[in-house]
Amino acid sequence: MTYQRQSTRRAPNGQTIRRRGTPRNGAGSALKMRLIIGLVVAAFAFFSFLSKREVNPTTGEVQYISLTRDQEITMGLQAVPQMVQQHGGLDPDPEAQALVDMVGENLVRNSFAATSEYPFEFTLLADDQVINAFALPGGPTFITAALFNQLETEAQLAGVLGHEIGHVIARHGAQRIAKQELTEGLTGAVVMAACDGGSSCQGTARMAQMIGGMVNMKYGREDELESDHLGLEIMMSAGYNPASMTRVMEILAASGGGARQPEFMSTHPDPGNRIQGIEDFVNENFPNGVPPEYID
């Protein structure tokens with residue numbers, strides 16, 4: 001709050017009385033109003049997020065979801081053409097696509113993923129440069145030729161696809177959308193409260209975006225660890241050796257070559273931590289070793 005300069009006047013006895021200037025209330029009132037509006041926006045975003053609470057019927061996890069299952073499916077299907085085009089179209093090898101279909105369908109049919117009611121489809125993309133696998137909300141699941149060609153066994157392919165199936169049934173895509181909406185609401189409230197229309201607005205907006213990105217990255221890594229675990233359970237239920245996923249992690253780590261990481265690992269936790277998690281899962285479920293009937 002700023003003040004005008006001091007003024008003086010003479011008292012009847014001749015003494016000088018100093019009088020402080022009156023506050024300029026315009027700037028203070030504007031700041032107060034921005035803070036109130038910012039708090040209202042933040043509260044609305046927060047309580048809107050909390051209102052989306054539900055329990056995932058497949059995993060039993062409490063989640064905050066902004067989409068219905070039908071909306072997830074519709075959104076995923078609408079994005080399929082763009083994803084295919086972005087990765088160079090469909091892979092031309094029909095035998096390779098048939099193997100991807102067979103393994104993916106086997107995983108869904110013989111695991112709890114079958115109860116999710118998502119219309120899973122598995123697609124091999126022609127992209128031979130980007131090492132990646134990903135799933136869209138609602139079930140469309142993709143693997144690039146660059147990653148497919150790195151894999152050595154059917155079980156390793158099952159591990160990659162199982163991980164992506166885990167993302168779908170855990171509804172990580174819908175969960176991320178809800179969290180992004182919350183982040184946008186909160187960062188918008190910060191900018192609204194702190195920005196006075198001057199040059200400080202740009203710096204405030206950047207800081208808010210950085211904070212929001214850190215929050216979403218944290219959730220992303222937690223999602224990846226959950227999908228690792230779900231993928232291992234799906235593999236095991238479908239008769240694949242979950243220990244094969246350890247080799248997938250080694251292949252992915254080696255394929256980075258000390259340069260750019262494979263896209264499949266770009267937002268994932270450290271490969272060493274993931275390998276330890278895989279080994280812990282295998283030892284817990286097969287303390288005497290994985291039986292030979294499991295597919296390697």
# chains A, B, ... in the order shown; residues from 1 in each chain; ligands from 1
>>> residues_around(residues="Gly231 (chain A)", least_positions_apart="4", cutoff="10 Å", atoms="only C-alpha atoms", output="PDB file with N, CA and C atoms, in the first residue's frame")
ATOM      1  N   LEU A 107      -3.695 -62.171 -23.742  1.00  0.00           N
ATOM      2  CA  LEU A 107      -3.544 -61.478 -22.461  1.00  0.00           C
ATOM      3  C   LEU A 107      -4.893 -61.023 -21.912  1.00  0.00           C
ATOM      4  N   ALA A 113      -8.299 -58.449 -17.173  1.00  0.00           N
ATOM      5  CA  ALA A 113      -8.570 -57.405 -18.163  1.00  0.00           C
ATOM      6  C   ALA A 113      -9.868 -57.693 -18.919  1.00  0.00           C
ATOM      7  N   ALA A 158       4.535 -59.993 -24.740  1.00  0.00           N
ATOM      8  CA  ALA A 158       3.420 -60.019 -23.788  1.00  0.00           C
ATOM      9  C   ALA A 158       3.658 -59.046 -22.645  1.00  0.00           C
ATOM     10  N   GLY A 159       4.906 -58.922 -22.213  1.00  0.00           N
ATOM     11  CA  GLY A 159       5.218 -57.995 -21.133  1.00  0.00           C
ATOM     12  C   GLY A 159       4.958 -56.554 -21.522  1.00  0.00           C
ATOM     13  N   VAL A 160       5.361 -56.180 -22.729  1.00  0.00           N
ATOM     14  CA  VAL A 160       5.147 -54.812 -23.204  1.00  0.00           C
ATOM     15  C   VAL A 160       3.656 -54.532 -23.353  1.00  0.00           C
ATOM     16  N   LEU A 161       2.930 -55.438 -24.012  1.00  0.00           N
ATOM     17  CA  LEU A 161       1.494 -55.220 -24.219  1.00  0.00           C
ATOM     18  C   LEU A 161       0.739 -55.271 -22.886  1.00  0.00           C
ATOM     19  N   GLY A 162       1.170 -56.162 -21.988  1.00  0.00           N
ATOM     20  CA  GLY A 162       0.522 -56.249 -20.682  1.00  0.00           C
ATOM     21  C   GLY A 162       0.651 -54.955 -19.899  1.00  0.00           C
ATOM     22  N   HIS A 163       1.806 -54.342 -19.999  1.00  0.00           N
ATOM     23  CA  HIS A 163       2.015 -53.052 -19.335  1.00  0.00           C
ATOM     24  C   HIS A 163       1.033 -52.012 -19.869  1.00  0.00           C
ATOM     25  N   GLU A 164       0.839 -51.972 -21.182  1.00  0.00           N
ATOM     26  CA  GLU A 164      -0.077 -50.994 -21.770  1.00  0.00           C
ATOM     27  C   GLU A 164      -1.532 -51.310 -21.441  1.00  0.00           C
ATOM     28  N   ILE A 165      -1.879 -52.586 -21.400  1.00  0.00           N
ATOM     29  CA  ILE A 165      -3.225 -52.980 -20.964  1.00  0.00           C
ATOM     30  C   ILE A 165      -3.458 -52.482 -19.538  1.00  0.00           C
ATOM     31  N   GLY A 166      -2.412 -52.555 -18.720  1.00  0.00           N
ATOM     32  CA  GLY A 166      -2.515 -52.067 -17.351  1.00  0.00           C
ATOM     33  C   GLY A 166      -2.890 -50.594 -17.295  1.00  0.00           C
ATOM     34  N   HIS A 167      -2.314 -49.796 -18.181  1.00  0.00           N
ATOM     35  CA  HIS A 167      -2.671 -48.376 -18.238  1.00  0.00           C
ATOM     36  C   HIS A 167      -4.162 -48.190 -18.520  1.00  0.00           C
ATOM     37  N   LEU A 225       4.598 -47.349 -12.458  1.00  0.00           N
ATOM     38  CA  LEU A 225       4.877 -48.442 -11.534  1.00  0.00           C
ATOM     39  C   LEU A 225       3.650 -49.325 -11.345  1.00  0.00           C
ATOM     40  N   GLU A 226       2.474 -48.698 -11.278  1.00  0.00           N
ATOM     41  CA  GLU A 226       1.252 -49.487 -11.153  1.00  0.00           C
ATOM     42  C   GLU A 226       1.031 -50.342 -12.398  1.00  0.00           C
ATOM     43  N   SER A 227       1.296 -49.766 -13.580  1.00  0.00           N
ATOM     44  CA  SER A 227       1.123 -50.531 -14.813  1.00  0.00           C
ATOM     45  C   SER A 227       2.130 -51.661 -14.916  1.00  0.00           C
ATOM     46  N   MET A 235       0.333 -60.915 -17.429  1.00  0.00           N
ATOM     47  CA  MET A 235       1.220 -61.908 -18.051  1.00  0.00           C
ATOM     48  C   MET A 235       1.085 -63.263 -17.371  1.00  0.00           C
ATOM     49  N   MET A 236       1.196 -63.260 -16.052  1.00  0.00           N
ATOM     50  CA  MET A 236       1.153 -64.496 -15.291  1.00  0.00           C
ATOM     51  C   MET A 236      -0.179 -65.220 -15.491  1.00  0.00           C
ATOM     52  N   SER A 237      -1.286 -64.451 -15.468  1.00  0.00           N
ATOM     53  CA  SER A 237      -2.608 -65.058 -15.646  1.00  0.00           C
ATOM     54  C   SER A 237      -2.764 -65.688 -17.027  1.00  0.00           C
ATOM     55  N   PRO A 242       6.550 -64.016 -16.135  1.00  0.00           N
ATOM     56  CA  PRO A 242       6.725 -62.596 -15.837  1.00  0.00           C
ATOM     57  C   PRO A 242       8.183 -62.182 -15.732  1.00  0.00           C
ATOM     58  N   MET A 245      10.004 -59.952 -18.383  1.00  0.00           N
ATOM     59  CA  MET A 245       9.961 -58.495 -18.419  1.00  0.00           C
ATOM     60  C   MET A 245      11.293 -57.884 -17.978  1.00  0.00           C
TER      61      MET A 245
END
>>> select_by_dssp(residues="region 88-174 of chain A", states="strand (DSSP E)", output="list in words")
Glu121, Phe122, Thr123, Leu124, Leu125, Ala133, Phe134, Ala135, Pro140, Thr141, Phe142, Ile143 and Thr144 of chain A
>>> closest_residue(among="A:Ala126, A:Ile234, A:Leu151, A:Val248", to="Asn110 (chain A)", atoms="only C-alpha atoms")
A:Ile234
>>> atom_distance(atom1="CA of Leu147 (chain A)", atom2="CA of Ala253 (chain A)")
12.0 Å
>>> closest_residue(among="A:Gln175, A:Asn288, A:Phe281, A:Leu230", to="Glu72 (chain A)", atoms="only C-alpha atoms")
A:Gln175
>>> atom_distance(atom1="CA of Gly239 (chain A)", atom2="CA of Ala145 (chain A)")
24.5 Å
>>> select_by_dssp(residues="region 97-179 of chain A", states="alpha helix (DSSP H)", output="ChimeraX atom specification")
/A:97-109,145-148,154-169,172-179
>>> write_last_selection(atoms="N, CA and C atoms", output="CSV table (one decimal), in the first residue's frame")
chain,number,residue,atom,x,y,z
A,97,GLN,N,1.9,-58.5,-37.5
A,97,GLN,CA,0.7,-58.0,-36.9
A,97,GLN,C,-0.2,-59.1,-36.3
A,98,ALA,N,-0.2,-60.3,-37.0
A,98,ALA,CA,-0.9,-61.4,-36.5
A,98,ALA,C,-0.4,-61.8,-35.1
A,99,LEU,N,0.9,-61.8,-34.9
A,99,LEU,CA,1.5,-62.2,-33.6
A,99,LEU,C,1.1,-61.2,-32.6
A,100,VAL,N,1.1,-59.9,-32.9
A,100,VAL,CA,0.7,-58.9,-31.9
A,100,VAL,C,-0.7,-59.1,-31.5
A,101,ASP,N,-1.6,-59.4,-32.5
A,101,ASP,CA,-3.0,-59.6,-32.2
A,101,ASP,C,-3.2,-60.8,-31.3
A,102,MET,N,-2.5,-61.9,-31.6
A,102,MET,CA,-2.6,-63.2,-30.9
A,102,MET,C,-2.2,-63.0,-29.4
A,103,VAL,N,-1.0,-62.4,-29.2
A,103,VAL,CA,-0.5,-62.2,-27.9
A,103,VAL,C,-1.4,-61.2,-27.1
A,104,GLY,N,-1.8,-60.1,-27.7
A,104,GLY,CA,-2.7,-59.2,-27.0
A,104,GLY,C,-4.0,-59.8,-26.6
A,105,GLU,N,-4.7,-60.5,-27.6
A,105,GLU,CA,-5.9,-61.1,-27.3
A,105,GLU,C,-5.8,-62.2,-26.2
A,106,ASN,N,-4.7,-62.9,-26.2
A,106,ASN,CA,-4.5,-63.9,-25.2
A,106,ASN,C,-4.4,-63.3,-23.8
A,107,LEU,N,-3.7,-62.2,-23.7
A,107,LEU,CA,-3.5,-61.5,-22.5
A,107,LEU,C,-4.9,-61.0,-21.9
A,108,VAL,N,-5.7,-60.4,-22.8
A,108,VAL,CA,-7.0,-59.9,-22.3
A,108,VAL,C,-7.9,-61.1,-22.0
A,109,ARG,N,-8.0,-62.1,-22.8
A,109,ARG,CA,-9.0,-63.2,-22.6
A,109,ARG,C,-8.7,-64.0,-21.3
A,145,ALA,N,7.3,-50.7,-34.7
A,145,ALA,CA,8.2,-51.7,-35.3
A,145,ALA,C,9.6,-51.6,-34.6
A,146,ALA,N,10.0,-50.3,-34.3
A,146,ALA,CA,11.3,-50.2,-33.7
A,146,ALA,C,11.5,-50.9,-32.4
A,147,LEU,N,10.4,-50.9,-31.6
A,147,LEU,CA,10.4,-51.7,-30.3
A,147,LEU,C,10.2,-53.2,-30.6
A,148,PHE,N,9.2,-53.5,-31.4
A,148,PHE,CA,8.9,-54.9,-31.7
A,148,PHE,C,10.1,-55.6,-32.2
A,154,GLU,N,8.2,-64.2,-27.4
A,154,GLU,CA,6.7,-63.9,-27.3
A,154,GLU,C,6.4,-63.4,-25.9
A,155,ALA,N,7.0,-63.9,-24.9
A,155,ALA,CA,6.8,-63.4,-23.5
A,155,ALA,C,7.2,-62.0,-23.3
A,156,GLN,N,8.3,-61.6,-24.0
A,156,GLN,CA,8.7,-60.2,-23.9
A,156,GLN,C,7.7,-59.3,-24.5
A,157,LEU,N,7.1,-59.7,-25.7
A,157,LEU,CA,6.0,-58.9,-26.3
A,157,LEU,C,4.8,-58.9,-25.4
A,158,ALA,N,4.5,-60.0,-24.7
A,158,ALA,CA,3.4,-60.0,-23.8
A,158,ALA,C,3.7,-59.0,-22.6
A,159,GLY,N,4.9,-58.9,-22.2
A,159,GLY,CA,5.2,-58.0,-21.1
A,159,GLY,C,5.0,-56.6,-21.5
A,160,VAL,N,5.4,-56.2,-22.7
A,160,VAL,CA,5.1,-54.8,-23.2
A,160,VAL,C,3.7,-54.5,-23.4
A,161,LEU,N,2.9,-55.4,-24.0
A,161,LEU,CA,1.5,-55.2,-24.2
A,161,LEU,C,0.7,-55.3,-22.9
A,162,GLY,N,1.2,-56.2,-22.0
A,162,GLY,CA,0.5,-56.2,-20.7
A,162,GLY,C,0.7,-55.0,-19.9
A,163,HIS,N,1.8,-54.3,-20.0
A,163,HIS,CA,2.0,-53.1,-19.3
A,163,HIS,C,1.0,-52.0,-19.9
A,164,GLU,N,0.8,-52.0,-21.2
A,164,GLU,CA,-0.1,-51.0,-21.8
A,164,GLU,C,-1.5,-51.3,-21.4
A,165,ILE,N,-1.9,-52.6,-21.4
A,165,ILE,CA,-3.2,-53.0,-21.0
A,165,ILE,C,-3.5,-52.5,-19.5
A,166,GLY,N,-2.4,-52.6,-18.7
A,166,GLY,CA,-2.5,-52.1,-17.4
A,166,GLY,C,-2.9,-50.6,-17.3
A,167,HIS,N,-2.3,-49.8,-18.2
A,167,HIS,CA,-2.7,-48.4,-18.2
A,167,HIS,C,-4.2,-48.2,-18.5
A,168,VAL,N,-4.7,-49.0,-19.4
A,168,VAL,CA,-6.1,-48.8,-19.8
A,168,VAL,C,-7.0,-49.2,-18.7
A,169,ILE,N,-6.8,-50.4,-18.1
A,169,ILE,CA,-7.8,-50.8,-17.1
A,169,ILE,C,-7.6,-50.0,-15.8
A,172,HIS,N,-5.6,-44.7,-16.5
A,172,HIS,CA,-4.6,-43.7,-16.2
A,172,HIS,C,-4.8,-42.5,-17.2
A,173,GLY,N,-5.3,-42.7,-18.4
A,173,GLY,CA,-5.6,-41.6,-19.3
A,173,GLY,C,-6.6,-40.7,-18.8
A,174,ALA,N,-7.8,-41.3,-18.3
A,174,ALA,CA,-8.8,-40.4,-17.8
A,174,ALA,C,-8.4,-39.8,-16.5
A,175,GLN,N,-7.6,-40.5,-15.7
A,175,GLN,CA,-7.1,-39.9,-14.4
A,175,GLN,C,-6.2,-38.7,-14.7
A,176,ARG,N,-5.4,-38.8,-15.7
A,176,ARG,CA,-4.5,-37.8,-16.0
A,176,ARG,C,-5.2,-36.5,-16.5
A,177,ILE,N,-6.3,-36.7,-17.3
A,177,ILE,CA,-7.1,-35.6,-17.7
A,177,ILE,C,-7.7,-34.9,-16.5
A,178,ALA,N,-8.3,-35.6,-15.6
A,178,ALA,CA,-8.8,-35.0,-14.4
A,178,ALA,C,-7.8,-34.2,-13.6
A,179,LYS,N,-6.6,-34.8,-13.5
A,179,LYS,CA,-5.5,-34.1,-12.8
A,179,LYS,C,-5.0,-32.8,-13.5
>>> closest_residue(among="A:Val282, A:Ala135, A:Ile65, A:Ala114", to="Met83 (chain A)", atoms="only C-alpha atoms")
A:Ala135
>>> residues_around(residues="Gln78 (chain A)", least_positions_apart="5", cutoff="12 Å", atoms="only C-alpha atoms", output="list of chain:residue names")
A:Gln71, A:Glu72, A:Ile73, A:Met83, A:Val84, A:Leu136, A:Pro137, A:Gly138, A:Gly139, A:Pro140
>>> closest_residue(among="A:Leu124, A:Ser29, A:Thr246, A:Arg171", to="Glu95 (chain A)", atoms="only C-alpha atoms")
A:Leu124
>>> decode(residues="region 114-161 of chain A", atoms="C-alpha atoms", output="mmCIF file, in the first residue's frame")
data_model
loop_
_atom_site.group_PDB
_atom_site.id
_atom_site.type_symbol
_atom_site.label_atom_id
_atom_site.label_comp_id
_atom_site.auth_asym_id
_atom_site.auth_seq_id
_atom_site.Cartn_x
_atom_site.Cartn_y
_atom_site.Cartn_z
ATOM 1 C CA ALA A 114 -11.502 -59.342 -19.674
ATOM 2 C CA THR A 115 -13.800 -57.931 -16.986
ATOM 3 C CA SER A 116 -12.959 -54.339 -17.865
ATOM 4 C CA GLU A 117 -15.272 -54.346 -20.905
ATOM 5 C CA TYR A 118 -12.869 -52.210 -22.922
ATOM 6 C CA PRO A 119 -12.716 -53.091 -26.668
ATOM 7 C CA PHE A 120 -8.970 -53.717 -26.857
ATOM 8 C CA GLU A 121 -7.302 -53.594 -30.262
ATOM 9 C CA PHE A 122 -3.584 -54.128 -30.857
ATOM 10 C CA THR A 123 -1.728 -52.414 -33.682
ATOM 11 C CA LEU A 124 1.830 -52.711 -34.959
ATOM 12 C CA LEU A 125 2.996 -49.374 -36.350
ATOM 13 C CA ALA A 126 5.488 -48.981 -39.179
ATOM 14 C CA ASP A 127 7.697 -46.541 -37.252
ATOM 15 C CA ASP A 128 11.174 -48.104 -37.186
ATOM 16 C CA GLN A 129 12.868 -45.151 -35.501
ATOM 17 C CA VAL A 130 10.939 -44.443 -32.287
ATOM 18 C CA ILE A 131 11.112 -47.219 -29.698
ATOM 19 C CA ASN A 132 7.711 -46.982 -28.088
ATOM 20 C CA ALA A 133 4.487 -48.664 -27.018
ATOM 21 C CA PHE A 134 1.425 -46.827 -25.767
ATOM 22 C CA ALA A 135 -2.291 -47.194 -25.178
ATOM 23 C CA LEU A 136 -5.072 -44.687 -25.690
ATOM 24 C CA PRO A 137 -8.003 -44.364 -23.288
ATOM 25 C CA GLY A 138 -10.583 -47.038 -23.964
ATOM 26 C CA GLY A 139 -8.355 -49.784 -25.332
ATOM 27 C CA PRO A 140 -6.447 -48.969 -28.579
ATOM 28 C CA THR A 141 -2.937 -50.289 -27.942
ATOM 29 C CA PHE A 142 0.128 -49.735 -30.137
ATOM 30 C CA ILE A 143 3.700 -50.897 -30.466
ATOM 31 C CA THR A 144 6.175 -49.505 -32.957
ATOM 32 C CA ALA A 145 8.233 -51.687 -35.276
ATOM 33 C CA ALA A 146 11.341 -50.155 -33.685
ATOM 34 C CA LEU A 147 10.424 -51.703 -30.329
ATOM 35 C CA PHE A 148 8.869 -54.875 -31.747
ATOM 36 C CA ASN A 149 12.087 -55.683 -33.630
ATOM 37 C CA GLN A 150 14.128 -55.328 -30.443
ATOM 38 C CA LEU A 151 12.138 -58.008 -28.620
ATOM 39 C CA GLU A 152 13.404 -61.578 -28.624
ATOM 40 C CA THR A 153 10.508 -63.734 -27.393
ATOM 41 C CA GLU A 154 6.729 -63.935 -27.301
ATOM 42 C CA ALA A 155 6.760 -63.436 -23.537
ATOM 43 C CA GLN A 156 8.694 -60.196 -23.897
ATOM 44 C CA LEU A 157 6.043 -58.937 -26.318
ATOM 45 C CA ALA A 158 3.420 -60.019 -23.788
ATOM 46 C CA GLY A 159 5.218 -57.995 -21.133
ATOM 47 C CA VAL A 160 5.147 -54.812 -23.204
ATOM 48 C CA LEU A 161 1.494 -55.220 -24.219
#
